[in-house]
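Participant: What follows is a structure written as structure tokens; I'll ask about it next.
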Amino acid sequence: MDRRYWEDLKWARDHHSELLVRYRNQWVAIYQEQVVAYGTSGNAVEREAERKTGRPETEIPVYYVDSGSNIYAS
């Protein structure tokens, strides 16, 4: 993965509170520090981001905007 991937992932983490307002409990794809796709299915978001950007999905971070209200069980 190139530097752009890591910069976009850091941007998503740094802007979590802003993303939470609009994308609560959804997956977002970030490219060049912008949300390029979002939804409840991570796979669908990856495909949409790839289609919109022309970049392989492996080069676009997909980040879950967790509100903290989800319960995870192992």
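Ligands are numbered from 1 in the order shown, chains are lettered A, B, ... in the order of the structure tokens, and residues start at 1 in each chain.
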At a cut-off of 12 Å, using only C-alpha atoms, what residues contact Val62 of chain A? Leave out same-chain residues fewer than 4 positions from it and give the result as an MDAnalysis selection string.
Facilitator: chainID A and resid 5:6 8:13 26:31 33:50 57:58
Participant: How would the residues just picked look written out with N, CA and C atoms as a JSON list (two decimals), in the first residue's frame?
Facilitator:
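Result file follows (again29.json):
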[["chain", "number", "residue", "atom", "x", "y", "z"],
["A", 5, "TYR", "N", -2.77, 5.78, 0.83],
["A", 5, "TYR", "CA", -3.67, 4.92, 1.61],
["A", 5, "TYR", "C", -3.57, 5.27, 3.09],
["A", 6, "TRP", "N", -2.35, 5.30, 3.61],
["A", 6, "TRP", "CA", -2.14, 5.55, 5.03],
["A", 6, "TRP", "C", -2.53, 6.98, 5.43],
["A", 8, "ASP", "N", -4.92, 8.74, 3.96],
["A", 8, "ASP", "CA", -6.38, 8.77, 3.96],
["A", 8, "ASP", "C", -6.96, 8.07, 5.19],
["A", 9, "LEU", "N", -6.35, 6.98, 5.59],
["A", 9, "LEU", "CA", -6.81, 6.28, 6.79],
["A", 9, "LEU", "C", -6.61, 7.16, 8.03],
["A", 10, "LYS", "N", -5.47, 7.82, 8.10],
["A", 10, "LYS", "CA", -5.22, 8.74, 9.22],
["A", 10, "LYS", "C", -6.24, 9.87, 9.20],
["A", 11, "TRP", "N", -6.55, 10.40, 8.03],
["A", 11, "TRP", "CA", -7.53, 11.47, 7.91],
["A", 11, "TRP", "C", -8.88, 11.01, 8.46],
["A", 12, "ALA", "N", -9.29, 9.78, 8.11],
["A", 12, "ALA", "CA", -10.57, 9.25, 8.60],
["A", 12, "ALA", "C", -10.56, 9.17, 10.13],
["A", 13, "ARG", "N", -9.49, 8.67, 10.69],
["A", 13, "ARG", "CA", -9.40, 8.57, 12.16],
["A", 13, "ARG", "C", -9.42, 9.95, 12.81],
["A", 26, "GLN", "N", -21.83, 3.38, 9.67],
["A", 26, "GLN", "CA", -21.72, 3.02, 8.26],
["A", 26, "GLN", "C", -20.25, 2.90, 7.88],
["A", 27, "TRP", "N", -20.02, 2.25, 6.76],
["A", 27, "TRP", "CA", -18.69, 2.15, 6.19],
["A", 27, "TRP", "C", -18.49, 3.34, 5.26],
["A", 28, "VAL", "N", -17.31, 3.94, 5.29],
["A", 28, "VAL", "CA", -16.97, 5.01, 4.37],
["A", 28, "VAL", "C", -15.66, 4.68, 3.68],
["A", 29, "ALA", "N", -15.59, 5.01, 2.41],
["A", 29, "ALA", "CA", -14.35, 4.86, 1.64],
["A", 29, "ALA", "C", -13.76, 6.26, 1.49],
["A", 30, "ILE", "N", -12.49, 6.39, 1.80],
["A", 30, "ILE", "CA", -11.82, 7.68, 1.77],
["A", 30, "ILE", "C", -10.78, 7.67, 0.67],
["A", 31, "TYR", "N", -10.83, 8.68, -0.18],
["A", 31, "TYR", "CA", -9.81, 8.85, -1.21],
["A", 31, "TYR", "C", -9.49, 10.33, -1.32],
["A", 33, "GLU", "N", -8.60, 12.28, 1.01],
["A", 33, "GLU", "CA", -9.19, 12.95, 2.18],
["A", 33, "GLU", "C", -10.64, 13.38, 1.93],
["A", 34, "GLN", "N", -11.36, 12.58, 1.16],
["A", 34, "GLN", "CA", -12.77, 12.82, 0.92],
["A", 34, "GLN", "C", -13.52, 11.49, 0.96],
["A", 35, "VAL", "N", -14.76, 11.53, 1.42],
["A", 35, "VAL", "CA", -15.62, 10.35, 1.37],
["A", 35, "VAL", "C", -16.08, 10.18, -0.07],
["A", 36, "VAL", "N", -15.75, 9.04, -0.67],
["A", 36, "VAL", "CA", -16.14, 8.80, -2.06],
["A", 36, "VAL", "C", -17.27, 7.78, -2.16],
["A", 37, "ALA", "N", -17.52, 7.04, -1.08],
["A", 37, "ALA", "CA", -18.62, 6.08, -1.04],
["A", 37, "ALA", "C", -18.93, 5.78, 0.42],
["A", 38, "TYR", "N", -20.19, 5.40, 0.68],
["A", 38, "TYR", "CA", -20.58, 5.04, 2.04],
["A", 38, "TYR", "C", -21.79, 4.13, 1.99],
["A", 39, "GLY", "N", -21.98, 3.38, 3.07],
["A", 39, "GLY", "CA", -23.14, 2.50, 3.16],
["A", 39, "GLY", "C", -22.97, 1.49, 4.28],
["A", 40, "THR", "N", -23.94, 0.60, 4.39],
["A", 40, "THR", "CA", -23.94, -0.38, 5.46],
["A", 40, "THR", "C", -23.19, -1.66, 5.11],
["A", 41, "SER", "N", -22.82, -1.84, 3.86],
["A", 41, "SER", "CA", -22.06, -3.01, 3.42],
["A", 41, "SER", "C", -20.65, -2.58, 3.03],
["A", 42, "GLY", "N", -19.67, -3.08, 3.76],
["A", 42, "GLY", "CA", -18.28, -2.74, 3.46],
["A", 42, "GLY", "C", -17.88, -3.16, 2.05],
["A", 43, "ASN", "N", -18.35, -4.34, 1.62],
["A", 43, "ASN", "CA", -18.01, -4.82, 0.27],
["A", 43, "ASN", "C", -18.60, -3.92, -0.80],
["A", 44, "ALA", "N", -19.84, -3.51, -0.63],
["A", 44, "ALA", "CA", -20.48, -2.63, -1.60],
["A", 44, "ALA", "C", -19.77, -1.28, -1.65],
["A", 45, "VAL", "N", -19.35, -0.78, -0.50],
["A", 45, "VAL", "CA", -18.64, 0.50, -0.43],
["A", 45, "VAL", "C", -17.31, 0.38, -1.16],
["A", 46, "GLU", "N", -16.59, -0.72, -0.99],
["A", 46, "GLU", "CA", -15.33, -0.92, -1.70],
["A", 46, "GLU", "C", -15.54, -0.90, -3.21],
["A", 47, "ARG", "N", -16.56, -1.61, -3.69],
["A", 47, "ARG", "CA", -16.83, -1.67, -5.13],
["A", 47, "ARG", "C", -17.20, -0.29, -5.69],
["A", 48, "GLU", "N", -18.04, 0.43, -4.96],
["A", 48, "GLU", "CA", -18.46, 1.76, -5.39],
["A", 48, "GLU", "C", -17.27, 2.72, -5.43],
["A", 49, "ALA", "N", -16.40, 2.65, -4.43],
["A", 49, "ALA", "CA", -15.22, 3.52, -4.40],
["A", 49, "ALA", "C", -14.29, 3.21, -5.57],
["A", 50, "GLU", "N", -14.13, 1.94, -5.86],
["A", 50, "GLU", "CA", -13.29, 1.53, -6.99],
["A", 50, "GLU", "C", -13.87, 2.07, -8.31],
["A", 57, "GLU", "N", -9.63, -1.33, -5.26],
["A", 57, "GLU", "CA", -10.19, -1.22, -3.89],
["A", 57, "GLU", "C", -9.13, -1.41, -2.82],
["A", 58, "THR", "N", -8.06, -2.11, -3.13],
["A", 58, "THR", "CA", -6.98, -2.32, -2.15],
["A", 58, "THR", "C", -6.21, -1.04, -1.87]]
Participant: Could you state the separation of atom CA of Asp2 of chain A and atom CA of Arg22 of chain A in Å, given to one decimal place?
Facilitator: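 The value is 27.7 Å.
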Participant: Enumerate as a list of chain:residue names all residues of chain A assigned to strand (DSSP E or B) by DSSP on the backbone, naming them with the chain letters and numbers the document uses.
Facilitator: A:Trp27, A:Val28, A:Ala29, A:Ile30, A:Tyr31, A:Gln34, A:Val35, A:Val36, A:Ala37, A:Tyr38, A:Gly39, A:Val62, A:Tyr63, A:Tyr64
Participant: Those residues you just picked out, can you put them in a file as a PDB file, in the first residue's frame with C-alpha atoms?
Facilitator:
ATOM      1  CA  TRP A  27     -18.687   2.149   6.189  1.00  0.00           C
ATOM      2  CA  VAL A  28     -16.975   5.014   4.369  1.00  0.00           C
ATOM      3  CA  ALA A  29     -14.349   4.864   1.644  1.00  0.00           C
ATOM      4  CA  ILE A  30     -11.819   7.679   1.773  1.00  0.00           C
ATOM      5  CA  TYR A  31      -9.812   8.848  -1.215  1.00  0.00           C
ATOM      6  CA  GLN A  34     -12.771  12.818   0.920  1.00  0.00           C
ATOM      7  CA  VAL A  35     -15.616  10.350   1.373  1.00  0.00           C
ATOM      8  CA  VAL A  36     -16.139   8.796  -2.057  1.00  0.00           C
ATOM      9  CA  ALA A  37     -18.624   6.079  -1.040  1.00  0.00           C
ATOM     10  CA  TYR A  38     -20.577   5.040   2.039  1.00  0.00           C
ATOM     11  CA  GLY A  39     -23.138   2.503   3.157  1.00  0.00           C
ATOM     12  CA  VAL A  62     -12.684   1.673   4.058  1.00  0.00           C
ATOM     13  CA  TYR A  63     -13.355   2.828   7.599  1.00  0.00           C
ATOM     14  CA  TYR A  64     -16.261   1.936   9.886  1.00  0.00           C
TER      15      TYR A  64
END
Participant: Counting only C-alpha atoms, which of A:Arg4, A:His15, A:Arg24, A:Arg51 gets nearest to Asp66 of chain A?
Facilitator: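 Nearest candidate to Asp66 of chain A out of A:Arg4, A:His15, A:Arg24, A:Arg51: A:Arg24.
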Participant: If you run DSSP on this backbone, which residues of chain A come out as alpha helix (DSSP H), and could you give them as a ChimeraX atom specification?
Facilitator: /A:3-14,16-23,42-53
Participant: Create the file for the chosen residues now, containing N, CA and C atoms and written as a CSV table (one decimal), in the first residue's frame.
Facilitator:
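Full text of part-v4.csv as output:
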chain,number,residue,atom,x,y,z
A,3,ARG,N,1.6,5.5,0.2
A,3,ARG,CA,1.5,6.5,1.3
A,3,ARG,C,0.1,7.1,1.3
A,4,ARG,N,-0.5,7.3,0.1
A,4,ARG,CA,-1.8,7.9,0.0
A,4,ARG,C,-2.8,7.1,0.9
A,5,TYR,N,-2.8,5.8,0.8
A,5,TYR,CA,-3.7,4.9,1.6
A,5,TYR,C,-3.6,5.3,3.1
A,6,TRP,N,-2.3,5.3,3.6
A,6,TRP,CA,-2.1,5.6,5.0
A,6,TRP,C,-2.5,7.0,5.4
A,7,GLU,N,-2.3,7.9,4.5
A,7,GLU,CA,-2.7,9.3,4.8
A,7,GLU,C,-4.2,9.4,4.9
A,8,ASP,N,-4.9,8.7,4.0
A,8,ASP,CA,-6.4,8.8,4.0
A,8,ASP,C,-7.0,8.1,5.2
A,9,LEU,N,-6.3,7.0,5.6
A,9,LEU,CA,-6.8,6.3,6.8
A,9,LEU,C,-6.6,7.2,8.0
A,10,LYS,N,-5.5,7.8,8.1
A,10,LYS,CA,-5.2,8.7,9.2
A,10,LYS,C,-6.2,9.9,9.2
A,11,TRP,N,-6.6,10.4,8.0
A,11,TRP,CA,-7.5,11.5,7.9
A,11,TRP,C,-8.9,11.0,8.5
A,12,ALA,N,-9.3,9.8,8.1
A,12,ALA,CA,-10.6,9.2,8.6
A,12,ALA,C,-10.6,9.2,10.1
A,13,ARG,N,-9.5,8.7,10.7
A,13,ARG,CA,-9.4,8.6,12.2
A,13,ARG,C,-9.4,10.0,12.8
A,14,ASP,N,-8.7,10.9,12.2
A,14,ASP,CA,-8.6,12.2,12.8
A,14,ASP,C,-10.0,13.0,12.7
A,16,HIS,N,-13.0,11.4,12.8
A,16,HIS,CA,-14.1,10.5,13.2
A,16,HIS,C,-15.3,11.2,13.7
A,17,SER,N,-15.1,12.2,14.5
A,17,SER,CA,-16.3,12.9,15.1
A,17,SER,C,-17.1,13.6,14.0
A,18,GLU,N,-16.5,14.2,13.0
A,18,GLU,CA,-17.2,14.8,11.9
A,18,GLU,C,-17.9,13.8,11.1
A,19,LEU,N,-17.2,12.7,10.8
A,19,LEU,CA,-17.9,11.6,10.0
A,19,LEU,C,-19.0,11.0,10.8
A,20,LEU,N,-19.0,10.9,12.1
A,20,LEU,CA,-20.0,10.4,12.9
A,20,LEU,C,-21.3,11.1,12.7
A,21,VAL,N,-21.3,12.4,12.5
A,21,VAL,CA,-22.5,13.2,12.3
A,21,VAL,C,-23.3,12.7,11.1
A,22,ARG,N,-22.6,12.4,10.0
A,22,ARG,CA,-23.3,12.1,8.8
A,22,ARG,C,-23.3,10.6,8.5
A,23,TYR,N,-22.3,9.8,8.9
A,23,TYR,CA,-22.2,8.4,8.5
A,23,TYR,C,-22.2,7.4,9.7
A,42,GLY,N,-19.7,-3.1,3.8
A,42,GLY,CA,-18.3,-2.7,3.5
A,42,GLY,C,-17.9,-3.2,2.0
A,43,ASN,N,-18.3,-4.3,1.6
A,43,ASN,CA,-18.0,-4.8,0.3
A,43,ASN,C,-18.6,-3.9,-0.8
A,44,ALA,N,-19.8,-3.5,-0.6
A,44,ALA,CA,-20.5,-2.6,-1.6
A,44,ALA,C,-19.8,-1.3,-1.6
A,45,VAL,N,-19.4,-0.8,-0.5
A,45,VAL,CA,-18.6,0.5,-0.4
A,45,VAL,C,-17.3,0.4,-1.2
A,46,GLU,N,-16.6,-0.7,-1.0
A,46,GLU,CA,-15.3,-0.9,-1.7
A,46,GLU,C,-15.5,-0.9,-3.2
A,47,ARG,N,-16.6,-1.6,-3.7
A,47,ARG,CA,-16.8,-1.7,-5.1
A,47,ARG,C,-17.2,-0.3,-5.7
A,48,GLU,N,-18.0,0.4,-5.0
A,48,GLU,CA,-18.5,1.8,-5.4
A,48,GLU,C,-17.3,2.7,-5.4
A,49,ALA,N,-16.4,2.7,-4.4
A,49,ALA,CA,-15.2,3.5,-4.4
A,49,ALA,C,-14.3,3.2,-5.6
A,50,GLU,N,-14.1,1.9,-5.9
A,50,GLU,CA,-13.3,1.5,-7.0
A,50,GLU,C,-13.9,2.1,-8.3
A,51,ARG,N,-15.2,2.0,-8.5
A,51,ARG,CA,-15.8,2.4,-9.7
A,51,ARG,C,-15.7,4.0,-9.8
A,52,LYS,N,-15.9,4.7,-8.7
A,52,LYS,CA,-15.8,6.2,-8.8
A,52,LYS,C,-14.4,6.7,-9.0
A,53,THR,N,-13.4,6.1,-8.4
A,53,THR,CA,-12.1,6.6,-8.4
A,53,THR,C,-11.2,6.0,-9.6
